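J.: Sharing protein.cif here; it has mmCIF, C-alpha atoms and all ligand atoms.
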```cif
data_my_file
loop_
_atom_site.group_PDB
_atom_site.id
_atom_site.type_symbol
_atom_site.label_atom_id
_atom_site.label_comp_id
_atom_site.auth_asym_id
_atom_site.auth_seq_id
_atom_site.Cartn_x
_atom_site.Cartn_y
_atom_site.Cartn_z
ATOM 1 C CA MET P 18 -31.605 33.760 62.501
ATOM 2 C CA VAL P 19 -32.425 30.489 61.263
ATOM 3 C CA VAL P 20 -35.771 29.519 62.140
ATOM 4 C CA ALA P 21 -39.022 29.550 60.360
ATOM 5 C CA ILE P 22 -42.103 31.217 61.679
ATOM 6 C CA ALA P 23 -45.387 29.524 61.252
ATOM 7 C CA VAL P 24 -47.245 32.439 62.718
ATOM 8 C CA PHE P 25 -45.622 35.191 60.767
ATOM 9 C CA ALA P 26 -48.949 36.470 59.656
ATOM 10 C CA LEU P 27 -49.695 37.300 63.253
ATOM 11 C CA LEU P 28 -46.492 39.213 63.825
ATOM 12 C CA PRO P 29 -45.681 42.641 62.521
ATOM 13 C CA ILE P 30 -42.220 42.691 61.049
ATOM 14 C CA GLU P 31 -41.232 45.346 63.557
ATOM 15 C CA ALA P 32 -41.947 42.954 66.420
ATOM 16 C CA SER P 33 -39.091 42.552 68.836
ATOM 17 C CA ASP P 34 -38.604 39.034 67.559
ATOM 18 C CA ALA P 35 -37.773 40.456 64.189
ATOM 19 C CA GLY P 36 -34.060 40.411 64.765
ATOM 20 C CA TRP P 37 -33.739 36.695 65.071
ATOM 21 C CA LEU P 38 -36.357 35.513 62.727
ATOM 22 C CA PRO P 39 -37.393 37.453 59.693
ATOM 23 C CA ASP P 40 -34.925 36.210 57.172
ATOM 24 C CA LEU P 41 -36.200 32.724 57.291
ATOM 25 C CA PHE P 42 -39.931 32.619 57.082
ATOM 26 C CA ARG P 43 -41.757 29.695 55.788
ATOM 27 C CA SER P 44 -43.249 30.382 52.450
ATOM 28 C CA SER P 45 -46.250 28.309 53.341
ATOM 29 C CA PRO P 46 -47.188 27.070 56.788
ATOM 30 C CA LYS P 47 -49.049 24.094 55.440
ATOM 31 C CA HIS P 48 -45.920 22.711 53.926
ATOM 32 C CA ALA P 49 -45.404 19.249 55.296
ATOM 33 C CA LYS P 50 -42.364 17.119 54.756
ATOM 34 C CA SER P 51 -42.898 15.030 51.712
ATOM 35 C CA PRO P 52 -40.033 12.910 50.492
ATOM 36 C CA LYS P 53 -42.140 12.176 47.450
ATOM 37 C CA ARG P 54 -42.148 15.806 46.403
ATOM 38 C CA ALA P 55 -38.449 16.215 46.914
ATOM 39 C CA LYS P 56 -37.738 13.130 44.885
ATOM 40 C CA ALA P 57 -39.955 14.191 42.029
ATOM 41 C CA THR P 58 -38.142 17.455 41.458
ATOM 42 C CA ARG P 59 -34.589 16.373 41.878
ATOM 43 C CA VAL P 60 -33.238 17.727 38.646
ATOM 44 C CA GLY P 61 -30.687 20.386 39.395
ATOM 45 C CA LYS P 62 -28.820 22.383 36.830
ATOM 46 C CA LEU P 63 -25.744 21.025 38.561
ATOM 47 C CA ALA P 64 -26.263 17.994 36.408
ATOM 48 C CA ARG P 65 -24.139 19.607 33.752
ATOM 49 C CA HIS P 66 -21.296 19.686 36.230
ATOM 50 C CA ARG P 67 -21.773 16.330 37.732
ATOM 51 C CA ALA P 68 -22.901 13.309 35.858
ATOM 52 C CA PRO P 69 -25.081 11.143 38.095
ATOM 53 C CA PRO P 70 -23.141 8.037 39.123
ATOM 54 C CA ARG P 71 -25.824 5.814 37.651
ATOM 55 C CA HIS P 72 -25.204 7.208 34.172
ATOM 56 C CA ARG P 73 -21.516 6.739 34.523
ATOM 57 C CA ALA P 74 -22.049 3.161 35.575
ATOM 58 C CA MET P 75 -24.145 2.504 32.523
ATOM 59 C CA ARG P 76 -21.603 4.091 30.276
ATOM 60 C CA LEU P 77 -18.785 2.048 31.746
ATOM 61 C CA ALA P 78 -20.797 -1.133 31.632
ATOM 62 C CA ALA P 79 -21.377 -0.556 27.942
ATOM 63 C CA LEU P 80 -17.650 -0.439 27.364
ATOM 64 C CA GLY P 81 -17.232 -4.028 28.439
ATOM 65 C CA PRO P 82 -14.053 -5.428 29.963
ATOM 66 C CA VAL P 83 -11.625 -2.825 28.700
ATOM 67 C CA THR P 84 -8.882 -1.121 30.642
ATOM 68 C CA LEU P 85 -9.423 2.571 30.938
ATOM 69 C CA PRO P 86 -6.806 5.101 31.891
ATOM 70 C CA LEU P 87 -7.489 6.477 35.359
ATOM 71 C CA SER P 88 -8.248 9.903 33.934
ATOM 72 C CA ALA P 89 -11.164 8.463 32.006
ATOM 73 C CA LEU P 90 -12.778 7.464 35.260
ATOM 74 C CA LYS P 91 -12.833 10.970 36.629
ATOM 75 C CA PRO P 92 -15.735 12.597 34.827
ATOM 76 C CA ALA P 93 -16.536 14.889 37.720
ATOM 77 C CA ALA P 94 -13.100 16.460 37.586
ATOM 78 C CA ALA P 95 -13.764 17.807 34.135
ATOM 79 C CA LYS P 96 -17.305 18.772 35.005
ATOM 80 C CA CYS P 97 -16.550 20.756 38.128
ATOM 81 C CA ASP P 98 -13.797 23.038 37.001
ATOM 82 C CA PRO P 99 -13.026 25.539 39.789
ATOM 83 C CA ALA P 100 -12.460 28.219 37.164
ATOM 84 C CA THR P 101 -16.051 28.033 35.992
ATOM 85 C CA PHE P 102 -17.836 26.582 39.004
ATOM 86 C CA ARG P 103 -19.958 29.272 40.611
ATOM 87 C CA ILE P 104 -20.807 29.297 44.289
ATOM 88 C CA VAL P 105 -22.936 32.167 45.511
ATOM 89 C CA LEU P 106 -22.339 33.311 49.083
ATOM 90 C CA ASP P 107 -25.568 34.801 50.290
ATOM 91 C CA VAL P 108 -25.016 37.320 53.083
ATOM 92 C CA GLY P 109 -27.857 36.692 55.524
ATOM 93 C CA HIS P 110 -30.198 39.649 56.233
ATOM 94 C CA THR P 111 -29.778 43.192 54.961
ATOM 95 C CA ALA P 112 -28.365 46.527 56.126
ATOM 96 C CA GLN P 113 -31.954 47.597 56.730
ATOM 97 C CA SER P 114 -33.074 44.428 58.462
ATOM 98 C CA GLU P 115 -29.976 43.263 60.244
ATOM 99 C CA GLY P 116 -31.017 39.968 61.800
ATOM 100 C CA ALA P 117 -30.085 39.077 65.375
ATOM 101 C CA ILE P 118 -28.328 41.439 67.761
ATOM 102 C CA SER P 119 -25.288 40.015 69.510
ATOM 103 C CA ALA P 120 -24.694 39.947 73.258
ATOM 104 C CA ARG P 121 -22.527 43.049 72.715
ATOM 105 C CA ASN P 122 -25.067 44.772 70.494
ATOM 106 C CA VAL P 123 -23.526 44.145 67.091
ATOM 107 C CA ALA P 124 -25.903 43.283 64.265
ATOM 108 C CA GLU P 125 -25.802 39.796 62.796
ATOM 109 C CA PHE P 126 -25.592 41.310 59.322
ATOM 110 C CA THR P 127 -22.165 42.742 60.226
ATOM 111 C CA PHE P 128 -20.899 39.285 61.224
ATOM 112 C CA ASN P 129 -22.434 37.667 58.149
ATOM 113 C CA LEU P 130 -20.896 40.173 55.756
ATOM 114 C CA ARG P 131 -17.432 39.931 57.291
ATOM 115 C CA LEU P 132 -17.385 36.140 57.223
ATOM 116 C CA ALA P 133 -18.858 35.915 53.730
ATOM 117 C CA LYS P 134 -16.144 38.235 52.412
ATOM 118 C CA LEU P 135 -13.452 36.087 54.002
ATOM 119 C CA ILE P 136 -14.920 32.930 52.514
ATOM 120 C CA GLU P 137 -15.116 34.644 49.135
ATOM 121 C CA GLU P 138 -11.434 35.614 49.344
ATOM 122 C CA ARG P 139 -10.450 32.117 50.366
ATOM 123 C CA LEU P 140 -12.388 30.447 47.574
ATOM 124 C CA LYS P 141 -11.028 32.829 44.963
ATOM 125 C CA ALA P 142 -7.515 32.188 46.246
ATOM 126 C CA GLU P 143 -8.201 28.468 45.785
ATOM 127 C CA GLY P 144 -9.095 29.053 42.147
ATOM 128 C CA PHE P 145 -12.876 29.362 42.419
ATOM 129 C CA ALA P 146 -12.801 32.569 40.424
ATOM 130 C CA GLU P 147 -16.545 32.659 39.778
ATOM 131 C CA THR P 148 -17.452 32.881 43.467
ATOM 132 C CA ARG P 149 -19.967 35.657 44.034
ATOM 133 C CA LEU P 150 -21.000 37.519 47.149
ATOM 134 C CA LEU P 151 -24.729 38.130 47.200
ATOM 135 C CA LEU P 152 -25.729 41.242 49.111
ATOM 136 C CA THR P 153 -29.408 42.015 49.252
ATOM 137 C CA GLU P 154 -31.127 45.228 50.257
ATOM 138 C CA GLY P 155 -34.460 46.071 51.743
ATOM 139 C CA LYS P 156 -36.896 44.667 54.232
ATOM 140 C CA ALA P 157 -36.639 41.136 55.466
ATOM 141 C CA ARG P 158 -39.319 39.219 53.639
ATOM 142 C CA PRO P 159 -39.082 40.847 50.195
ATOM 143 C CA SER P 160 -35.311 40.426 50.439
ATOM 144 C CA LEU P 161 -35.782 36.667 50.576
ATOM 145 C CA PHE P 162 -37.385 36.566 47.178
ATOM 146 C CA LYS P 163 -34.879 39.071 45.825
ATOM 147 C CA ARG P 164 -31.971 36.915 46.919
ATOM 148 C CA VAL P 165 -33.500 33.796 45.436
ATOM 149 C CA ALA P 166 -34.078 35.600 42.123
ATOM 150 C CA ALA P 167 -30.539 36.985 42.173
ATOM 151 C CA ALA P 168 -29.012 33.563 42.832
ATOM 152 C CA ASN P 169 -31.081 32.035 40.040
ATOM 153 C CA ASN P 170 -30.072 34.821 37.652
ATOM 154 C CA LEU P 171 -26.430 34.282 38.511
ATOM 155 C CA HIS P 172 -26.787 30.674 37.372
ATOM 156 C CA ALA P 173 -25.109 29.536 40.528
ATOM 157 C CA ASP P 174 -24.031 25.928 40.860
ATOM 158 C CA LEU P 175 -24.283 26.102 44.634
ATOM 159 C CA LEU P 176 -25.682 28.574 47.114
ATOM 160 C CA MET P 177 -24.525 28.997 50.661
ATOM 161 C CA SER P 178 -26.412 31.386 52.899
ATOM 162 C CA ILE P 179 -24.308 32.694 55.777
ATOM 163 C CA HIS P 180 -25.770 33.473 59.178
ATOM 164 C CA HIS P 181 -24.907 33.709 62.857
ATOM 165 C CA ASP P 182 -27.059 32.157 65.521
ATOM 166 C CA SER P 183 -29.105 33.467 68.425
ATOM 167 C CA VAL P 184 -31.909 32.126 70.605
ATOM 168 C CA PRO P 185 -35.654 32.732 70.884
ATOM 169 C CA ASN P 186 -36.451 35.871 72.870
ATOM 170 C CA LYS P 187 -37.839 33.930 75.803
ATOM 171 C CA MET P 188 -34.369 32.555 76.527
ATOM 172 C CA LEU P 189 -32.661 35.941 76.649
ATOM 173 C CA GLU P 190 -31.147 37.185 79.890
ATOM 174 C CA ASP P 191 -30.236 40.753 80.772
ATOM 175 C CA TRP P 192 -26.800 42.157 81.359
ATOM 176 C CA GLU P 193 -25.070 45.440 80.945
ATOM 177 C CA PHE P 194 -22.433 45.922 78.308
ATOM 178 C CA GLU P 195 -20.498 49.208 78.121
ATOM 179 C CA GLY P 196 -23.154 50.886 80.197
ATOM 180 C CA LYS P 197 -26.007 49.708 78.007
ATOM 181 C CA LYS P 198 -28.725 47.267 78.928
ATOM 182 C CA SER P 199 -28.088 44.261 76.712
ATOM 183 C CA HIS P 200 -29.192 40.659 76.252
ATOM 184 C CA PHE P 201 -27.376 37.356 76.139
ATOM 185 C CA SER P 202 -27.834 33.623 76.482
ATOM 186 C CA ASP P 203 -24.820 31.454 77.260
ATOM 187 C CA ARG P 204 -26.912 28.328 77.177
ATOM 188 C CA PHE P 205 -26.138 27.158 73.638
ATOM 189 C CA SER P 206 -23.268 27.468 71.222
ATOM 190 C CA GLY P 207 -21.954 25.922 68.043
ATOM 191 C CA TYR P 208 -22.464 25.936 64.311
ATOM 192 C CA SER P 209 -25.230 24.224 62.382
ATOM 193 C CA VAL P 210 -25.964 23.524 58.748
ATOM 194 C CA PHE P 211 -29.474 23.485 57.298
ATOM 195 C CA VAL P 212 -30.942 22.037 54.124
ATOM 196 C CA SER P 213 -34.464 21.946 52.735
ATOM 197 C CA ARG P 214 -35.871 18.661 51.533
ATOM 198 C CA ASP P 215 -37.904 20.747 49.112
ATOM 199 C CA ASN P 216 -34.872 22.082 47.281
ATOM 200 C CA PRO P 217 -35.015 20.869 43.644
ATOM 201 C CA ASP P 218 -31.717 19.100 44.230
ATOM 202 C CA PHE P 219 -31.972 18.041 47.840
ATOM 203 C CA LYS P 220 -29.551 15.169 47.447
ATOM 204 C CA THR P 221 -26.739 17.419 46.286
ATOM 205 C CA SER P 222 -27.648 20.050 48.888
ATOM 206 C CA LEU P 223 -27.342 17.406 51.569
ATOM 207 C CA ARG P 224 -24.018 16.190 50.266
ATOM 208 C CA PHE P 225 -22.585 19.699 50.343
ATOM 209 C CA ALA P 226 -24.064 20.292 53.804
ATOM 210 C CA GLU P 227 -22.411 17.098 55.038
ATOM 211 C CA LEU P 228 -19.079 18.235 53.654
ATOM 212 C CA VAL P 229 -19.271 21.669 55.287
ATOM 213 C CA ALA P 230 -20.449 20.264 58.619
ATOM 214 C CA GLY P 231 -17.840 17.505 58.468
ATOM 215 C CA GLU P 232 -15.053 19.999 57.868
ATOM 216 C CA MET P 233 -16.249 22.238 60.693
ATOM 217 C CA LYS P 234 -16.279 19.266 63.016
ATOM 218 C CA ALA P 235 -12.867 18.125 61.823
ATOM 219 C CA GLN P 236 -11.524 21.536 62.856
ATOM 220 C CA GLY P 237 -12.613 20.800 66.410
ATOM 221 C CA LEU P 238 -15.807 22.849 66.357
ATOM 222 C CA HIS P 239 -19.037 21.493 67.799
ATOM 223 C CA TYR P 240 -22.516 21.856 66.445
ATOM 224 C CA ALA P 241 -25.556 23.444 68.079
ATOM 225 C CA GLU P 242 -27.547 20.535 69.459
ATOM 226 C CA GLN P 243 -30.539 22.505 70.680
ATOM 227 C CA TYR P 244 -32.405 22.429 67.368
ATOM 228 C CA SER P 245 -33.164 18.763 67.885
ATOM 229 C CA GLN P 246 -34.539 19.401 71.377
ATOM 230 C CA ALA P 247 -38.167 19.865 72.346
ATOM 231 C CA ILE P 248 -37.265 22.983 74.297
ATOM 232 C CA MET P 249 -36.974 24.803 70.966
ATOM 233 C CA GLY P 250 -40.699 24.370 70.358
ATOM 234 C CA ARG P 251 -41.560 25.534 66.876
ATOM 235 C CA TYR P 252 -37.870 26.020 66.152
ATOM 236 C CA GLN P 253 -37.144 22.348 66.608
ATOM 237 C CA HIS P 254 -35.911 20.655 63.416
ATOM 238 C CA PRO P 255 -35.056 17.123 62.311
ATOM 239 C CA LEU P 256 -31.387 16.343 62.799
ATOM 240 C CA LEU P 257 -30.272 14.601 59.617
ATOM 241 C CA ASN P 258 -26.739 13.887 60.771
ATOM 242 C CA LYS P 259 -26.232 13.607 64.481
ATOM 243 C CA ASP P 260 -22.508 13.254 64.067
ATOM 244 C CA THR P 261 -21.824 16.481 62.194
ATOM 245 C CA GLY P 262 -24.863 18.689 62.832
ATOM 246 C CA VAL P 263 -26.868 18.836 59.600
ATOM 247 C CA TYR P 264 -30.528 19.716 60.111
ATOM 248 C CA SER P 265 -33.427 20.012 57.754
ATOM 249 C CA ASN P 266 -35.499 23.151 57.733
ATOM 250 C CA ASP P 267 -37.667 22.485 54.757
ATOM 251 C CA GLU P 268 -39.503 25.732 54.453
ATOM 252 C CA LEU P 269 -36.709 28.269 54.360
ATOM 253 C CA ILE P 270 -37.368 30.239 51.222
ATOM 254 C CA VAL P 271 -33.736 30.738 50.376
ATOM 255 C CA LEU P 272 -33.211 26.970 50.422
ATOM 256 C CA ARG P 273 -36.361 25.728 48.769
ATOM 257 C CA LYS P 274 -36.977 28.329 46.087
ATOM 258 C CA THR P 275 -33.471 28.379 44.689
ATOM 259 C CA ALA P 276 -32.923 26.471 41.469
ATOM 260 C CA MET P 277 -29.561 25.131 42.590
ATOM 261 C CA PRO P 278 -28.432 23.036 45.570
ATOM 262 C CA ALA P 279 -28.429 25.276 48.627
ATOM 263 C CA ILE P 280 -27.411 25.175 52.276
ATOM 264 C CA LEU P 281 -27.594 27.609 55.157
ATOM 265 C CA LEU P 282 -24.689 27.856 57.574
ATOM 266 C CA GLU P 283 -25.151 29.155 61.078
ATOM 267 C CA ALA P 284 -21.496 29.820 61.666
ATOM 268 C CA GLY P 285 -21.787 30.165 65.440
ATOM 269 C CA SER P 286 -23.727 31.894 68.196
ATOM 270 C CA ILE P 287 -23.380 35.623 68.719
ATOM 271 C CA ILE P 288 -25.764 35.705 71.659
ATOM 272 C CA ASN P 289 -23.473 33.433 73.672
ATOM 273 C CA ARG P 290 -20.925 35.810 75.200
ATOM 274 C CA ASP P 291 -17.904 33.522 74.855
ATOM 275 C CA GLU P 292 -18.757 32.387 71.384
ATOM 276 C CA GLU P 293 -19.414 35.936 70.228
ATOM 277 C CA ARG P 294 -15.844 36.715 71.207
ATOM 278 C CA GLU P 295 -14.679 33.667 69.251
ATOM 279 C CA MET P 296 -16.665 34.689 66.209
ATOM 280 C CA ASN P 297 -14.911 38.048 66.348
ATOM 281 C CA SER P 298 -11.472 36.466 66.341
ATOM 282 C CA PRO P 299 -9.492 36.146 63.109
ATOM 283 C CA GLU P 300 -8.517 32.611 64.200
ATOM 284 C CA ARG P 301 -12.104 31.383 64.255
ATOM 285 C CA GLN P 302 -12.989 33.280 61.093
ATOM 286 C CA ASN P 303 -10.049 31.682 59.299
ATOM 287 C CA LEU P 304 -10.964 28.259 60.616
ATOM 288 C CA ILE P 305 -14.490 28.564 59.242
ATOM 289 C CA SER P 306 -13.353 30.017 55.912
ATOM 290 C CA SER P 307 -10.874 27.165 55.485
ATOM 291 C CA SER P 308 -13.511 24.605 56.390
ATOM 292 C CA VAL P 309 -15.880 25.945 53.766
ATOM 293 C CA ALA P 310 -13.142 26.147 51.136
ATOM 294 C CA SER P 311 -12.126 22.544 51.864
ATOM 295 C CA ALA P 312 -15.739 21.458 51.581
ATOM 296 C CA VAL P 313 -16.149 23.176 48.210
ATOM 297 C CA LYS P 314 -12.924 21.626 46.924
ATOM 298 C CA GLU P 315 -14.035 18.221 48.099
ATOM 299 C CA PHE P 316 -17.404 18.759 46.441
ATOM 300 C CA CYS P 317 -15.628 19.427 43.150
ATOM 301 C CA GLU P 318 -13.358 16.422 43.434
ATOM 302 C CA PRO P 319 -14.084 13.329 41.386
ATOM 303 C CA ARG P 320 -16.892 11.429 42.960
ATOM 304 C CA TRP P 321 -15.217 8.046 42.873
ATOM 305 C CA ALA P 322 -18.657 6.616 43.088
ATOM 306 C CA LEU P 323 -17.548 3.563 41.124
ATOM 307 C CA LEU P 324 -14.058 2.957 42.294
ATOM 308 C CA GLY P 325 -13.798 4.460 45.734
ATOM 309 C CA PRO P 326 -11.025 6.880 46.644
ATOM 310 C CA PRO P 327 -7.693 6.544 44.842
HETATM 311 ZN ZN ZN H 401 -29.743 35.064 60.436
#
```
Output the file's structure in the form of structure tokens.

T.:
Amino acid sequence: MVVAIAVFALLPIEASDAGWLPDLFRSSPKHAKSPKRAKATRVGKLARHRAPPRHRAMRLAALGPVTLPLSALKPAAAKCDPATFRIVLDVGHTAQSEGAISARNVAEFTFNLRLAKLIEERLKAEGFAETRLLLTEGKARPSLFKRVAAANNLHADLLMSIHHDSVPNKMLEDWEFEGKKSHFSDRFSGYSVFVSRDNPDFKTSLRFAELVAGEMKAQGLHYAEQYSQAIMGRYQHPLLNKDTGVYSNDELIVLRKTAMPAILLEAGSIINRDEEREMNSPERQNLISSSVASAVKEFCEPRWALLGPP
């Protein structure tokens, strides 16, 4: 699942923890949060889709007191054409390294793939024809670099990595499911959205994360609050938006090494027995797919940075 491991070097990949953790290693344990660094590298290729508001302001100021047709004030509309805008949906983990195991012994990869396909369908139906599903093969850690390279080669405008949540092993409890000894934790539930402040376009990543989290919340879903709590130990992360559930997890390779704005969605918990059932339901899957599609549409809407909403 989501969290970074500072001590990966001490853990063999086959360790029992492997299910929850290996997709999300830190690339460098020494990496401290540095707003300076994030600011310095904030030049995303998305710029060609989205003129920075400051530039627009300058351009408009240069025009003087003229009356412009409304369409002239919508530069983002022309620059984020759904037909050419490419969002890459990264399916978390691989068939070989499947991520977390649910309370009912289903691999996280199965959940991730199913949801990613639904989101892909929904986005394509909404006109985002260039949406791509990114499926990666192989072992956990090499797959991280493969997926980053693939996303960069696809010249994606946005990347969304799709995962399902679990808990650290120490929180697991035993139960029996269909005659098999299994593990669960009903303690936490909810979605969460992660960004890295080290992404080359953190600002845009954060804006997209806010849109996705906001849409999820608007659908009546709640976010996973435990990541802001001390009980999570090394898995504790700064909560950037306590209203909607956006966290930073700066060192996730898939978020910080990608050349485009990127977010990671933990769609919900599959170790919580009730929520696993929810995540298996078409209703919940549709709710999440719609939320993401609405967020992408909103992202592509004119920014209205100068004028406010129409
Ligand atoms: Zn995961």

J.: Which residues, named as in the file, does the PyMOL selection byres (((chain P and resi 158-165) around 7) and not hetatm) pick out? Answer as a PDB file with C-alpha atoms, in the coordinates of the input.

T.:
```pdb
ATOM      1  CA  PRO P  39     -37.393  37.453  59.693  1.00  0.00           C
ATOM      2  CA  ASP P  40     -34.925  36.210  57.172  1.00  0.00           C
ATOM      3  CA  THR P 153     -29.408  42.015  49.252  1.00  0.00           C
ATOM      4  CA  GLU P 154     -31.127  45.228  50.257  1.00  0.00           C
ATOM      5  CA  GLY P 155     -34.460  46.071  51.743  1.00  0.00           C
ATOM      6  CA  LYS P 156     -36.896  44.667  54.232  1.00  0.00           C
ATOM      7  CA  ALA P 157     -36.639  41.136  55.466  1.00  0.00           C
ATOM      8  CA  ALA P 166     -34.078  35.600  42.123  1.00  0.00           C
ATOM      9  CA  ALA P 167     -30.539  36.985  42.173  1.00  0.00           C
ATOM     10  CA  ALA P 168     -29.012  33.563  42.832  1.00  0.00           C
ATOM     11  CA  ASN P 169     -31.081  32.035  40.040  1.00  0.00           C
ATOM     12  CA  ILE P 270     -37.368  30.239  51.222  1.00  0.00           C
ATOM     13  CA  VAL P 271     -33.736  30.738  50.376  1.00  0.00           C
ATOM     14  CA  LYS P 274     -36.977  28.329  46.087  1.00  0.00           C
ATOM     15  CA  THR P 275     -33.471  28.379  44.689  1.00  0.00           C
TER      16      THR P 275
END
```

J.: Suppose a student applies the PyMOL selection byres (((chain P and resi 229) around 12) and not hetatm) to this structure; what residues should they get, written as a PyMOL selection string?

T.: chain P and resi 177+208-212+222-228+230-236+238+240+261-263+279-284+304-316

J.: Which residues fall under the PyMOL selection byres (((chain P and resi 203) around 9) and not hetatm) in this file, as a list in words?

T.: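 Applied to this file, the PyMOL selection byres (((chain P and resi 203) around 9) and not hetatm) returns Glu190, Phe201, Ser202, Arg204, Phe205, Ser206, Ile288, Asn289, Arg290, Asp291 and Glu292 of chain P.
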
J.: Report the distance between atom CA of P:Ser213 and atom CA of P:Leu130 in Å, rounded to one decimal place.

T.: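 Spanning atom CA of P:Ser213 to atom CA of P:Leu130 is a straight-line distance of 22.9 Å.
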
J.: Give me the residues near P:Ala173 as number ranges by chain, where near means some atom within 12 Å (using only C-alpha atoms) and where sequence neighbours in that chain fewer than 6 positions away do not count.

T.: P: 61-63, 66, 101-107, 147-151, 164-167, 275-279

J.: Interatomic distance between atom CA of P:Gly250 and atom CA of P:Asn266?

T.: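 Atom-to-atom, atom CA of P:Gly250 to atom CA of P:Asn266, that is 13.7 Å.
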
J.: Could you tell me how far atom CA of P:Ala146 sits from atom CA of P:Leu171, in Å to one decimal place?

T.: 13.9 Å

J.: Using only C-alpha atoms and all ligand atoms, which of the listed residues (P:Val184, P:Met249, P:Leu256, P:Ala120) sits closest to ligand ZN 401 (chain H)?

T.: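 For ligand ZN 401 (chain H), the nearest of the given residues is P:Val184.
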
J.: Taking all atoms listed in the file into account, which of P:Cys317, P:Pro99, P:Asn216, P:Asn258 comes nearest P:Lys141?

T.: P:Pro99
